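final_33.txt follows (compact mmCIF, C-alpha atoms (C1' of nucleotides)):
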```txt
# COMPACT_ATOMS: atom_id res chain seq x y z
CA MET A 1 0.00 0.00 0.00
CA PRO A 2 2.84 2.51 0.48
CA SER A 3 3.62 2.85 -3.19
CA ILE A 4 3.14 1.10 -6.46
CA GLN A 5 5.75 -1.23 -7.85
CA HIS A 6 6.83 0.11 -11.18
CA SER A 7 8.23 -1.68 -14.18
CA ALA A 8 11.10 -0.23 -16.21
CA ARG A 9 8.54 1.37 -18.48
CA GLY A 10 6.75 2.70 -15.44
CA HIS A 11 9.90 4.32 -14.17
CA ALA A 12 10.45 6.04 -17.48
CA ARG A 13 6.89 7.31 -17.45
CA ARG A 14 7.30 8.63 -13.92
CA ASP A 15 10.34 10.50 -15.11
CA GLU A 16 8.43 12.07 -17.98
CA ILE A 17 5.76 13.19 -15.54
CA VAL A 18 8.32 14.73 -13.20
CA ARG A 19 9.84 16.56 -16.14
CA ALA A 20 6.42 17.84 -17.16
CA ALA A 21 5.78 18.94 -13.59
CA ILE A 22 9.04 20.89 -13.51
CA GLU A 23 8.10 22.72 -16.69
CA THR A 24 4.62 23.46 -15.46
CA ILE A 25 5.86 24.74 -12.12
CA ALA A 26 8.34 26.97 -13.92
CA GLU A 27 5.41 28.50 -15.81
CA ARG A 28 2.82 28.76 -13.06
CA GLY A 29 4.31 27.87 -9.70
CA TYR A 30 3.40 24.87 -7.58
CA ARG A 31 0.07 26.27 -6.46
CA GLY A 32 -0.79 27.34 -9.98
CA ALA A 33 0.29 24.06 -11.55
CA SER A 34 -2.83 21.93 -11.81
CA LEU A 35 -2.55 18.19 -12.09
CA ALA A 36 -4.52 18.41 -15.32
CA ALA A 37 -1.95 20.77 -16.84
CA VAL A 38 0.96 18.57 -15.82
CA ALA A 39 -0.83 15.50 -17.13
CA GLU A 40 -1.56 17.10 -20.47
CA LYS A 41 2.08 18.08 -20.86
CA ALA A 42 3.11 14.53 -20.04
CA GLY A 43 0.61 13.15 -22.52
CA LEU A 44 -1.87 11.35 -20.29
CA SER A 45 -5.01 12.05 -18.34
CA GLN A 46 -5.11 13.57 -14.89
CA GLN A 47 -6.17 10.22 -13.48
CA GLY A 48 -3.37 8.50 -15.30
CA LEU A 49 -1.00 10.83 -13.50
CA LEU A 50 -2.68 10.04 -10.21
CA HIS A 51 -1.84 6.44 -10.83
CA TYR A 52 1.87 7.28 -10.53
CA PHE A 53 1.63 9.95 -7.86
CA ARG A 54 -1.15 9.51 -5.38
CA SER A 55 -1.53 13.19 -4.65
CA LYS A 56 -0.26 16.55 -5.78
CA GLU A 57 2.04 16.69 -2.79
CA ASP A 58 3.39 13.29 -3.74
CA LEU A 59 4.25 14.68 -7.15
CA LEU A 60 6.09 17.58 -5.56
CA ILE A 61 8.10 15.14 -3.49
CA GLY A 62 8.98 13.40 -6.74
CA VAL A 63 10.23 16.69 -8.16
CA LEU A 64 12.27 17.42 -5.05
CA GLN A 65 13.81 13.95 -5.10
CA TRP A 66 14.67 14.30 -8.77
CA ARG A 67 16.51 17.51 -7.96
CA HIS A 68 18.33 15.94 -5.05
CA GLU A 69 19.50 13.02 -7.17
CA THR A 70 20.59 15.04 -10.18
CA ASP A 71 22.48 17.76 -8.37
CA THR A 72 24.46 15.71 -5.92
CA GLY A 73 24.79 12.63 -8.11
CA GLY A 74 24.65 10.54 -4.96
CA ARG A 75 27.87 11.96 -3.52
CA ASP A 76 28.21 13.49 -0.08
CA ILE A 77 29.02 17.10 -0.87
CA VAL A 78 30.06 17.87 2.69
CA ALA A 79 32.59 15.06 3.06
CA GLU A 80 33.88 15.56 -0.49
CA PRO A 81 33.53 19.30 -1.02
CA MET A 82 33.63 20.96 -4.42
CA SER A 83 36.34 23.40 -5.31
CA LEU A 84 35.41 27.04 -5.76
CA ALA A 85 36.13 26.66 -9.45
CA ALA A 86 33.63 23.82 -9.61
CA THR A 87 31.10 26.03 -7.85
CA GLN A 88 31.64 28.65 -10.50
CA GLY A 89 30.99 25.89 -12.99
CA VAL A 90 27.63 25.16 -11.37
CA VAL A 91 26.61 28.78 -11.77
CA GLU A 92 27.61 28.66 -15.41
CA ALA A 93 25.68 25.44 -15.94
CA ASN A 94 22.62 26.97 -14.30
CA ALA A 95 22.73 29.80 -16.80
CA HIS A 96 21.92 27.16 -19.39
CA ARG A 97 19.12 25.48 -17.45
CA GLU A 98 16.66 28.30 -17.16
CA ALA A 99 13.53 26.20 -16.68
CA ILE A 100 15.00 24.26 -13.80
CA VAL A 101 16.39 27.34 -12.10
CA ARG A 102 13.00 28.99 -12.54
CA THR A 103 11.21 26.01 -11.04
CA PHE A 104 13.31 25.90 -7.91
CA SER A 105 13.30 29.64 -7.46
CA VAL A 106 9.50 29.69 -7.53
CA LEU A 107 9.43 26.77 -5.15
CA LEU A 108 11.86 28.52 -2.83
CA GLY A 109 9.62 31.58 -2.86
CA GLU A 110 6.43 29.65 -2.23
CA SER A 111 8.10 27.59 0.47
CA VAL A 112 8.33 30.49 2.91
CA THR A 113 4.54 30.42 3.33
CA GLY A 114 3.05 28.79 6.38
CA ASP A 115 2.29 25.24 5.47
CA HIS A 116 3.99 24.75 2.15
CA PRO A 117 4.96 21.11 1.56
CA ALA A 118 8.45 22.12 0.39
CA ALA A 119 9.25 24.21 3.47
CA GLU A 120 10.94 21.39 5.32
CA TYR A 121 12.90 20.42 2.23
CA PHE A 122 14.36 23.88 1.83
CA ARG A 123 15.17 24.25 5.49
CA LEU A 124 17.19 21.05 5.45
CA ARG A 125 18.67 21.92 2.08
CA TYR A 126 19.94 25.24 3.37
CA ARG A 127 21.68 23.59 6.28
CA ARG A 128 23.30 21.06 4.02
CA VAL A 129 24.31 23.57 1.37
CA ARG A 130 25.80 25.95 3.92
CA GLU A 131 27.84 23.12 5.37
CA ALA A 132 29.02 22.11 1.94
CA MET A 133 29.92 25.69 1.11
CA THR A 134 31.82 26.01 4.38
CA ALA A 135 33.80 22.92 3.42
CA THR A 136 34.49 24.36 -0.02
CA LEU A 137 35.76 27.63 1.39
CA ARG A 138 37.90 25.86 3.97
CA LEU A 139 39.35 23.67 1.24
CA GLU A 140 40.25 26.80 -0.69
CA TRP A 141 41.65 29.02 2.04
CA GLY A 142 41.78 27.19 5.35
CA ASP A 143 40.34 28.77 8.48
CA ARG A 144 40.69 32.41 7.38
CA LEU A 145 39.66 33.86 4.06
CA PRO A 146 41.81 36.67 2.60
CA SER A 147 39.20 39.15 3.82
CA GLY A 148 39.56 37.89 7.39
CA LEU A 149 36.17 36.15 7.45
CA THR A 150 35.89 32.58 8.65
CA PRO A 151 34.44 29.97 6.27
CA GLU A 152 31.41 29.74 8.58
CA GLU A 153 30.78 33.46 8.18
CA ALA A 154 31.30 33.52 4.44
CA ALA A 155 29.29 30.40 3.53
CA PRO A 156 25.81 31.88 4.08
CA LEU A 157 26.91 34.85 1.99
CA ALA A 158 27.97 32.66 -0.90
CA VAL A 159 24.70 30.76 -0.72
CA ALA A 160 22.72 34.00 -0.58
CA ILE A 161 24.61 35.29 -3.61
CA MET A 162 23.73 32.22 -5.65
CA ASP A 163 20.03 32.46 -4.76
CA GLY A 164 19.82 36.22 -5.08
CA LEU A 165 21.59 36.39 -8.42
CA GLN A 166 19.17 33.84 -9.82
CA PHE A 167 16.21 36.10 -9.14
CA GLN A 168 17.86 39.04 -10.83
CA TRP A 169 18.82 36.84 -13.74
CA LEU A 170 15.36 35.26 -14.11
CA HIS A 171 13.86 38.72 -14.42
CA GLU A 172 16.23 39.71 -17.21
CA PRO A 173 17.74 36.54 -18.65
CA GLU A 174 19.14 38.21 -21.76
CA SER A 175 20.80 41.20 -20.18
CA PHE A 176 21.85 40.09 -16.70
CA ASP A 177 25.14 38.21 -16.72
CA MET A 178 24.85 35.84 -13.78
CA PRO A 179 28.18 34.02 -14.20
CA ALA A 180 30.02 37.34 -14.46
CA ALA A 181 28.36 38.55 -11.30
CA PHE A 182 29.41 35.41 -9.48
CA ARG A 183 32.96 35.86 -10.74
CA ALA A 184 32.89 39.34 -9.24
CA PHE A 185 31.84 37.80 -5.94
CA VAL A 186 34.79 35.42 -6.06
CA ARG A 187 37.08 38.42 -6.61
CA LEU A 188 35.46 39.94 -3.56
CA LEU A 189 36.39 36.84 -1.59
CA ASP A 190 39.95 37.01 -2.83
CA PRO A 191 41.10 40.37 -4.25
CA LYS A 192 44.48 38.86 -5.10
CA ALA A 193 42.93 36.48 -7.61
CA ALA A 194 43.52 37.39 -11.24
CA PRO A 195 40.70 39.56 -12.59
CA MET B 1 -14.56 55.18 -14.60
CA PRO B 2 -10.97 54.13 -13.94
CA SER B 3 -11.44 53.94 -10.20
CA ILE B 4 -13.81 54.84 -7.44
CA GLN B 5 -13.58 58.15 -5.65
CA HIS B 6 -12.96 57.44 -2.01
CA SER B 7 -13.74 59.50 1.04
CA ALA B 8 -11.31 59.80 3.94
CA ARG B 9 -13.08 56.88 5.58
CA GLY B 10 -12.83 54.96 2.35
CA HIS B 11 -9.10 55.51 2.19
CA ALA B 12 -8.65 54.16 5.69
CA ARG B 13 -10.68 51.09 4.77
CA ARG B 14 -8.60 50.53 1.67
CA ASP B 15 -5.53 50.62 3.86
CA GLU B 16 -6.95 48.02 6.20
CA ILE B 17 -7.66 45.78 3.25
CA VAL B 18 -4.13 46.16 1.90
CA ARG B 19 -2.76 45.28 5.31
CA ALA B 20 -4.99 42.20 5.45
CA ALA B 21 -3.82 41.24 1.98
CA ILE B 22 -0.18 41.50 3.02
CA GLU B 23 -0.78 39.20 5.96
CA THR B 24 -2.70 36.71 3.88
CA ILE B 25 -0.05 36.64 1.16
CA ALA B 26 2.60 36.06 3.81
CA GLU B 27 0.66 33.00 4.92
CA ARG B 28 -0.40 31.54 1.59
CA GLY B 29 1.22 33.42 -1.28
CA TYR B 30 -0.58 35.53 -3.85
CA ARG B 31 -2.05 32.60 -5.71
CA GLY B 32 -3.10 30.93 -2.49
CA ALA B 33 -4.58 34.09 -1.02
CA SER B 34 -8.27 34.02 -1.84
CA LEU B 35 -10.26 37.22 -1.87
CA ALA B 36 -12.58 35.65 0.68
CA ALA B 37 -9.69 35.07 3.09
CA VAL B 38 -8.42 38.62 2.72
CA ALA B 39 -11.92 40.01 3.14
CA GLU B 40 -12.54 38.01 6.28
CA LYS B 41 -9.28 39.26 7.79
CA ALA B 42 -10.27 42.82 6.92
CA GLY B 43 -13.70 42.34 8.44
CA LEU B 44 -15.98 42.59 5.44
CA SER B 45 -17.47 40.38 2.77
CA GLN B 46 -15.70 39.38 -0.38
CA GLN B 47 -18.08 41.62 -2.32
CA GLY B 48 -17.31 44.48 -0.02
CA LEU B 49 -13.64 44.04 -0.84
CA LEU B 50 -14.44 44.00 -4.52
CA HIS B 51 -16.00 47.40 -4.07
CA TYR B 52 -12.57 48.82 -3.21
CA PHE B 53 -10.47 46.70 -5.56
CA ARG B 54 -12.15 45.68 -8.75
CA SER B 55 -10.16 42.51 -9.19
CA LYS B 56 -7.59 40.40 -7.42
CA GLU B 57 -4.89 41.85 -9.61
CA ASP B 58 -6.02 45.32 -8.66
CA LEU B 59 -5.57 44.37 -5.01
CA LEU B 60 -2.05 43.18 -5.73
CA ILE B 61 -1.27 46.50 -7.37
CA GLY B 62 -2.50 48.15 -4.20
CA VAL B 63 -0.10 46.05 -2.15
CA LEU B 64 2.80 46.88 -4.48
CA GLN B 65 2.01 50.59 -4.33
CA TRP B 66 1.82 50.47 -0.56
CA ARG B 67 5.29 48.97 -0.49
CA HIS B 68 6.66 51.53 -2.91
CA GLU B 69 5.30 54.38 -0.84
CA THR B 70 6.42 53.08 2.54
CA ASP B 71 9.93 52.07 1.62
CA THR B 72 11.02 55.10 -0.34
CA GLY B 73 8.93 57.61 1.57
CA GLY B 74 8.56 59.55 -1.65
CA ARG B 75 12.27 60.31 -1.94
CA ASP B 76 14.38 59.55 -4.98
CA ILE B 77 16.81 56.96 -3.67
CA VAL B 78 19.09 57.23 -6.70
CA ALA B 79 19.59 60.98 -6.59
CA GLU B 80 19.85 60.99 -2.79
CA PRO B 81 21.54 57.70 -2.03
CA MET B 82 21.57 56.07 1.40
CA SER B 83 24.80 55.51 3.23
CA LEU B 84 25.99 51.95 3.72
CA ALA B 85 25.29 52.33 7.43
CA ALA B 86 21.70 53.24 6.61
CA THR B 87 21.48 50.17 4.39
CA GLN B 88 22.63 48.08 7.32
CA GLY B 89 19.84 49.76 9.25
CA VAL B 90 17.30 48.62 6.68
CA VAL B 91 18.43 45.03 7.11
CA GLU B 92 18.09 45.36 10.85
CA ALA B 93 14.64 46.89 10.52
CA ASN B 94 13.59 44.05 8.23
CA ALA B 95 14.56 41.56 10.89
CA HIS B 96 11.70 43.05 12.90
CA ARG B 97 9.14 43.02 10.09
CA GLU B 98 8.91 39.35 9.37
CA ALA B 99 5.41 39.36 7.85
CA ILE B 100 6.29 42.04 5.33
CA VAL B 101 9.58 40.44 4.37
CA ARG B 102 7.76 37.15 4.00
CA THR B 103 5.12 38.72 1.79
CA PHE B 104 7.57 40.27 -0.62
CA SER B 105 9.81 37.23 -0.71
CA VAL B 106 6.87 35.05 -1.71
CA LEU B 107 5.86 37.60 -4.26
CA LEU B 108 9.38 37.74 -5.65
CA GLY B 109 9.36 33.97 -5.97
CA GLU B 110 5.99 33.81 -7.66
CA SER B 111 6.88 36.68 -9.95
CA VAL B 112 9.39 34.66 -11.95
CA THR B 113 6.53 32.63 -13.43
CA GLY B 114 5.34 33.39 -16.91
CA ASP B 115 2.51 35.83 -16.62
CA HIS B 116 2.59 36.87 -13.00
CA PRO B 117 1.11 40.34 -12.49
CA ALA B 118 4.04 41.37 -10.28
CA ALA B 119 6.72 40.38 -12.80
CA GLU B 120 6.98 43.83 -14.34
CA TYR B 121 7.06 45.45 -10.93
CA PHE B 122 10.03 43.39 -9.80
CA ARG B 123 11.92 43.89 -13.06
CA LEU B 124 11.68 47.64 -12.72
CA ARG B 125 12.34 47.45 -8.99
CA TYR B 126 15.58 45.56 -9.56
CA ARG B 127 16.83 48.16 -11.99
CA ARG B 128 16.02 50.94 -9.61
CA VAL B 129 17.46 49.20 -6.55
CA ARG B 130 20.67 48.31 -8.37
CA GLU B 131 21.08 51.93 -9.42
CA ALA B 132 20.47 53.11 -5.89
CA MET B 133 22.94 50.59 -4.52
CA THR B 134 25.52 51.69 -7.07
CA ALA B 135 25.05 55.26 -5.86
CA THR B 136 25.40 54.17 -2.25
CA LEU B 137 28.64 52.32 -2.93
CA ARG B 138 30.04 55.21 -4.94
CA LEU B 139 29.14 57.58 -2.14
CA GLU B 140 31.05 55.35 0.27
CA TRP B 141 34.16 54.54 -1.75
CA GLY B 142 34.18 56.42 -5.02
CA ASP B 143 34.86 54.60 -8.29
CA ARG B 144 36.87 51.72 -6.81
CA LEU B 145 35.94 49.64 -3.80
CA PRO B 146 38.75 48.40 -1.54
CA SER B 147 38.48 45.00 -3.23
CA GLY B 148 39.06 46.55 -6.65
CA LEU B 149 35.49 46.10 -7.84
CA THR B 150 33.59 48.98 -9.38
CA PRO B 151 30.32 50.09 -7.76
CA GLU B 152 28.51 48.78 -10.84
CA GLU B 153 30.00 45.33 -10.32
CA ALA B 154 29.35 45.22 -6.59
CA ALA B 155 25.79 46.60 -6.59
CA PRO B 156 24.08 43.46 -7.98
CA LEU B 157 25.99 41.45 -5.39
CA ALA B 158 24.77 43.59 -2.52
CA VAL B 159 21.21 43.32 -3.80
CA ALA B 160 21.54 39.56 -4.21
CA ILE B 161 22.86 39.29 -0.67
CA MET B 162 19.89 41.13 0.75
CA ASP B 163 17.40 38.94 -1.12
CA GLY B 164 19.25 35.72 -0.54
CA LEU B 165 19.76 36.26 3.17
CA GLN B 166 16.05 36.88 3.58
CA PHE B 167 15.23 33.41 2.31
CA GLN B 168 17.68 31.75 4.65
CA TRP B 169 16.36 33.85 7.51
CA LEU B 170 12.69 33.16 6.73
CA HIS B 171 13.38 29.45 6.90
CA GLU B 172 14.98 29.72 10.34
CA PRO B 173 13.96 33.05 11.84
CA GLU B 174 15.10 32.17 15.37
CA SER B 175 18.51 30.79 14.59
CA PHE B 176 19.69 32.61 11.47
CA ASP B 177 21.17 36.02 12.26
CA MET B 178 20.46 38.05 9.15
CA PRO B 179 21.90 41.39 10.34
CA ALA B 180 25.12 39.69 11.41
CA ALA B 181 25.41 38.03 8.03
CA PHE B 182 24.98 41.36 6.31
CA ARG B 183 27.63 42.88 8.56
CA ALA B 184 29.96 40.12 7.42
CA PHE B 185 29.23 41.09 3.84
CA VAL B 186 30.15 44.69 4.58
CA ARG B 187 33.44 43.46 6.03
CA LEU B 188 33.92 41.57 2.80
CA LEU B 189 33.46 44.81 0.89
CA ASP B 190 35.97 46.57 3.13
CA PRO B 191 38.33 44.32 5.11
CA LYS B 192 39.86 47.39 6.75
CA ALA B 193 36.60 48.22 8.51
CA ALA B 194 36.52 47.46 12.20
CA PRO B 195 35.19 43.97 12.88
C1' DA C 1 -36.04 67.62 1.12
C1' DC C 2 -33.83 65.83 -2.79
C1' DG C 3 -30.62 63.46 -5.49
C1' DC C 4 -26.20 61.45 -5.97
C1' DT C 5 -22.37 59.04 -4.65
C1' DT C 6 -20.13 55.88 -1.52
C1' DA C 7 -20.17 51.73 1.08
C1' DC C 8 -21.40 47.87 1.48
C1' DC C 9 -24.05 42.75 1.26
C1' DG C 10 -26.77 38.31 -0.50
C1' DA C 11 -27.32 35.31 -4.12
C1' DG C 12 -25.57 33.07 -7.68
C1' DC C 13 -22.44 31.38 -11.60
C1' DA C 14 -19.26 29.15 -14.69
C1' DA C 15 -14.79 27.40 -14.36
C1' DC C 16 -11.64 24.84 -12.12
C1' DC C 17 -9.56 22.33 -8.28
C1' DG C 18 -7.68 17.77 -6.18
C1' DG C 19 -9.25 13.38 -5.45
C1' DT C 20 -12.32 8.88 -5.59
C1' DA C 21 -14.76 4.86 -7.61
C1' DG C 22 -14.75 1.62 -10.69
C1' DG C 23 -13.75 0.05 -14.58
C1' DT C 24 -10.77 -1.93 -19.05
C1' DT C 25 -6.62 -2.92 -21.52
C1' DT C 26 -1.84 -4.27 -21.67
C1' DA C 27 2.33 -6.59 -20.27
C1' DG C 28 4.93 -9.94 -17.73
C1' DT C 29 5.20 -14.58 -14.99
C1' DC C 30 4.54 -19.16 -14.12
C1' DG D 1 -2.86 -20.11 -21.49
C1' DA D 2 -4.23 -18.72 -16.97
C1' DC D 3 -3.36 -15.33 -13.53
C1' DT D 4 -1.78 -11.07 -11.75
C1' DA D 5 -0.45 -6.71 -11.43
C1' DA D 6 0.61 -2.45 -13.73
C1' DA D 7 -1.03 1.16 -16.74
C1' DC D 8 -4.08 3.63 -17.86
C1' DC D 9 -9.24 5.88 -18.75
C1' DT D 10 -14.36 7.65 -18.06
C1' DA D 11 -17.36 9.47 -14.98
C1' DC D 12 -18.11 11.93 -11.22
C1' DC D 13 -18.00 14.68 -6.73
C1' DG D 14 -17.86 18.29 -3.32
C1' DG D 15 -15.45 22.34 -2.60
C1' DT D 16 -13.35 26.69 -3.94
C1' DT D 17 -12.15 30.28 -7.06
C1' DG D 18 -12.71 35.14 -8.98
C1' DC D 19 -16.29 37.76 -10.31
C1' DT D 20 -21.21 39.74 -11.75
C1' DC D 21 -25.83 41.27 -10.73
C1' DG D 22 -28.85 43.62 -8.28
C1' DG D 23 -29.89 45.36 -4.58
C1' DT D 24 -30.03 48.56 0.21
C1' DA D 25 -28.65 51.93 3.58
C1' DA D 26 -26.10 55.76 4.92
C1' DG D 27 -23.81 60.15 4.21
C1' DC D 28 -23.52 64.65 1.91
C1' DG D 29 -23.73 68.75 -1.01
C1' DT D 30 -27.47 71.69 -2.71
```
How does the structure come out when it is put into structure tokens?
Amino acid sequence: MPSIQHSARGHARRDEIVRAAIETIAERGYRGASLAAVAEKAGLSQQGLLHYFRSKEDLLIGVLQWRHETDTGGRDIVAEPMSLAATQGVVEANAHREAIVRTFSVLLGESVTGDHPAAEYFRLRYRRVREAMTATLRLEWGDRLPSGLTPEEAAPLAVAIMDGLQFQWLHEPESFDMPAAFRAFVRLLDPKAAP
Amino acid sequence: MPSIQHSARGHARRDEIVRAAIETIAERGYRGASLAAVAEKAGLSQQGLLHYFRSKEDLLIGVLQWRHETDTGGRDIVAEPMSLAATQGVVEANAHREAIVRTFSVLLGESVTGDHPAAEYFRLRYRRVREAMTATLRLEWGDRLPSGLTPEEAAPLAVAIMDGLQFQWLHEPESFDMPAAFRAFVRLLDPKAAP
DNA sequence: ACGCTTACCGAGCAACCGGTAGGTTTAGTC
DNA sequence: GACTAAACCTACCGGTTGCTCGGTAAGCGT
């Protein structure tokens, strides 16, 4: 009763539905994304969708899991931290995945409301991401950054920059250069780095 | 016929409704905030509300205008830029206005979706706020910040920090120290400043 | 006193929402 | 080839949504 056993074909279908949900959320937000709209985009009926995800919230969980799997790739990003250069690479990659960035920015926004089903996800995610960023900064500079900040102090700033830049970028995707802005932030962290 | 002429009493009532709308949006987002819920909180019927705002979108415009009026106070923040210390003060003030911060963070999130009525507002707001922040930074340090960045390069970063920190704070209001994080950012801008 | 505007409210409506009930068809297993 | 479970669909339901229609009552300038 917990969940349905899916065949290989079933798994593929589930994936298509998640992809359709991501697109729909990017266009209308989670609250505005009706099951019917997602289903249509995935090429089946609303009830067909409900066969794979037993409720709308269940579908959202599917989306969140998809994100978790694809962006960590199963690795522990705290124990094996990324380099700062790799982080810059993530920002550059995001600049080519507008729909996905849009989806998770909307979700982040909606999640600050009282009872939103993604609230818990984002709270935990922030903790994890800040830890990972702390590890990255420590890997790069040790216990003191060039500016004198500790990695613990700088990590929330780096995370905030990534989130905040996305909103500015999403509002003017053609004219706002998100990777360049992040590069400027890295120069702020280390003025000695080559411009 | 563009809008209804309101008496002094009518204006006060409109204000109450806007305030109720802000609270409701903080709790459920714009899409989740039904006119009925806003009306109930304001102490009248949904139809009574519709007498003051002819549509839901019209109500949102009212909320956006309220924000514009209260946070600039009618002054031109580009021509008369704030000091950095005053900006720090804004962050501290925000830490005591959780509902309002929540409201506009949700709205910012929702506004990145396709046809959201607040999209245009936020696009213009970003341009204006970046300009104002550029002016603030130039007022503080001239054409080169201590880190070597130009005010134009640093302004989007400062704006991103303010937005981004709000999301982290809203997810853990008791344990995340937003003003302290912003102070750390200021130290990043000028390592010579007293810690 | 009269007329006009403002300030509401009750009833109702078409569209849409997420979800259920109950089926039928398809695919895989023994 | 029988059986089972997965993969769907049609029909439907109660609730909510934003909004219109058509009022009524109170204030106010003349």
If you take all atoms listed in the file and a cut-off of 8 Å, which residues of chain A touch chain C, and what are their nearest atom pairs and distances in Å to one decimal, in chain and number order, as a tab-separated table?
```
residue	atom	partner	partner_atom	distance
A:Ser34	CA	C:DC17	C1'	7.6
A:Leu35	CA	C:DG18	C1'	7.8
A:Ser55	CA	C:DG19	C1'	7.8
A:Lys56	CA	C:DG18	C1'	7.5
```
- Write out as a list in words each polymer residue whose atoms come within 6 Å of range 145-148 of chain B, counting all atoms listed in the file; drop sequence neighbours fewer than 4 positions from it.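 What passes the distance filter is Leu188 and Pro191 of chain A; Trp141 and Asp190 of chain B.
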- Query: Could you write out as a PyMOL selection string the residues of chain D within 12 Å of chain B, counting all atoms listed in the file?
  - Reply: chain D and resi 16-21+27-28
Kindly determine which residues of chain A lie within 6 Å of chain B, considering all atoms listed in the file, and give the answer as a PDB file with C-alpha atoms, in the frame of the given file.
```
ATOM      1  CA  ALA A  26       8.340  26.970 -13.920  1.00  0.00           C
ATOM      2  CA  GLU A  27       5.410  28.500 -15.810  1.00  0.00           C
ATOM      3  CA  ARG A  28       2.820  28.760 -13.060  1.00  0.00           C
ATOM      4  CA  VAL A 106       9.500  29.690  -7.530  1.00  0.00           C
ATOM      5  CA  GLY A 109       9.620  31.580  -2.860  1.00  0.00           C
ATOM      6  CA  GLU A 110       6.430  29.650  -2.230  1.00  0.00           C
ATOM      7  CA  THR A 113       4.540  30.420   3.330  1.00  0.00           C
ATOM      8  CA  GLY A 114       3.050  28.790   6.380  1.00  0.00           C
ATOM      9  CA  ARG A 123      15.170  24.250   5.490  1.00  0.00           C
ATOM     10  CA  SER A 147      39.200  39.150   3.820  1.00  0.00           C
ATOM     11  CA  ALA A 160      22.720  34.000  -0.580  1.00  0.00           C
ATOM     12  CA  ILE A 161      24.610  35.290  -3.610  1.00  0.00           C
ATOM     13  CA  ASP A 163      20.030  32.460  -4.760  1.00  0.00           C
ATOM     14  CA  GLY A 164      19.820  36.220  -5.080  1.00  0.00           C
ATOM     15  CA  LEU A 165      21.590  36.390  -8.420  1.00  0.00           C
ATOM     16  CA  HIS A 171      13.860  38.720 -14.420  1.00  0.00           C
ATOM     17  CA  LEU A 188      35.460  39.940  -3.560  1.00  0.00           C
ATOM     18  CA  PRO A 191      41.100  40.370  -4.250  1.00  0.00           C
TER      19      PRO A 191
END
```
Padding 8 Å on every side, please: axis-aligned box over the listed atoms of range 137-156 of chain A, centre and edge lengths to one decimal in Å, as JSON.
```
{"center_x": 33.8, "center_y": 31.4, "center_z": 4.0, "size_x": 32.0, "size_y": 31.5, "size_z": 25.3}
```
- Message: Please report the interatomic distance between C1' of DA26 in chain D and CA of Asp58 in chain B in Å with one decimal.
- Response: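 Between C1' of DA26 in chain D and CA of Asp58 in chain B the gap works out to 26.4 Å.
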- Gap from CA of Met82 in chain B to CA of Thr136 in chain B - Å, one decimal: 5.6 Å
- Gap from CA of Ala93 in chain A to CA of Val186 in chain A - Å, one decimal: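 Computing the Euclidean distance for CA of Ala93 in chain A and CA of Val186 in chain A yields 16.7 Å.
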- Contacts of Asp15 in chain B at 10 Å or less, counting only C-alpha atoms (C1' of nucleotides), minus same-chain residues fewer than 5 places along, as a ChimeraX atom specification? /B:9-10,20-21,42,62-63,66
Go ahead and save the picked residues with C-alpha atoms, as a short mmCIF file (atom, residue, chain, number, x, y, z; two decimals), in the coordinates of the input.
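Contents of result_20.cif, as written:
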```cif
data_model
loop_
_atom_site.label_atom_id
_atom_site.label_comp_id
_atom_site.auth_asym_id
_atom_site.auth_seq_id
_atom_site.Cartn_x
_atom_site.Cartn_y
_atom_site.Cartn_z
CA ARG B 9 -13.08 56.88 5.58
CA GLY B 10 -12.83 54.96 2.35
CA ALA B 20 -4.99 42.20 5.45
CA ALA B 21 -3.82 41.24 1.98
CA ALA B 42 -10.27 42.82 6.92
CA GLY B 62 -2.50 48.15 -4.20
CA VAL B 63 -0.10 46.05 -2.15
CA TRP B 66 1.82 50.47 -0.56
#
```
- Item | Option closest in space to Leu44 in chain B, from B:Leu64, B:Ile17, B:Ala118, B:Ile77 [counting all atoms listed in the file] | B:Ile17
Atoms are missing here; could range 106-112 of chain B be completed with N, CA and C atoms and written as a JSON list (two decimals), in the coordinates of the input?
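Saved to result-v2.json:
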```
[["chain", "number", "residue", "atom", "x", "y", "z"],
["B", 106, "VAL", "N", 7.78, 35.93, -0.96],
["B", 106, "VAL", "CA", 6.87, 35.05, -1.71],
["B", 106, "VAL", "C", 6.54, 35.65, -3.05],
["B", 107, "LEU", "N", 6.22, 36.92, -3.03],
["B", 107, "LEU", "CA", 5.86, 37.60, -4.26],
["B", 107, "LEU", "C", 7.00, 37.58, -5.26],
["B", 108, "LEU", "N", 8.21, 37.81, -4.77],
["B", 108, "LEU", "CA", 9.38, 37.74, -5.65],
["B", 108, "LEU", "C", 9.49, 36.36, -6.27],
["B", 109, "GLY", "N", 9.30, 35.34, -5.46],
["B", 109, "GLY", "CA", 9.36, 33.97, -5.97],
["B", 109, "GLY", "C", 8.30, 33.71, -7.02],
["B", 110, "GLU", "N", 7.08, 34.05, -6.71],
["B", 110, "GLU", "CA", 5.99, 33.81, -7.66],
["B", 110, "GLU", "C", 6.17, 34.61, -8.94],
["B", 111, "SER", "N", 6.81, 35.76, -8.81],
["B", 111, "SER", "CA", 6.88, 36.68, -9.95],
["B", 111, "SER", "C", 7.77, 36.19, -11.08],
["B", 112, "VAL", "N", 8.56, 35.15, -10.85],
["B", 112, "VAL", "CA", 9.39, 34.66, -11.95],
["B", 112, "VAL", "C", 8.61, 33.73, -12.88]]
```
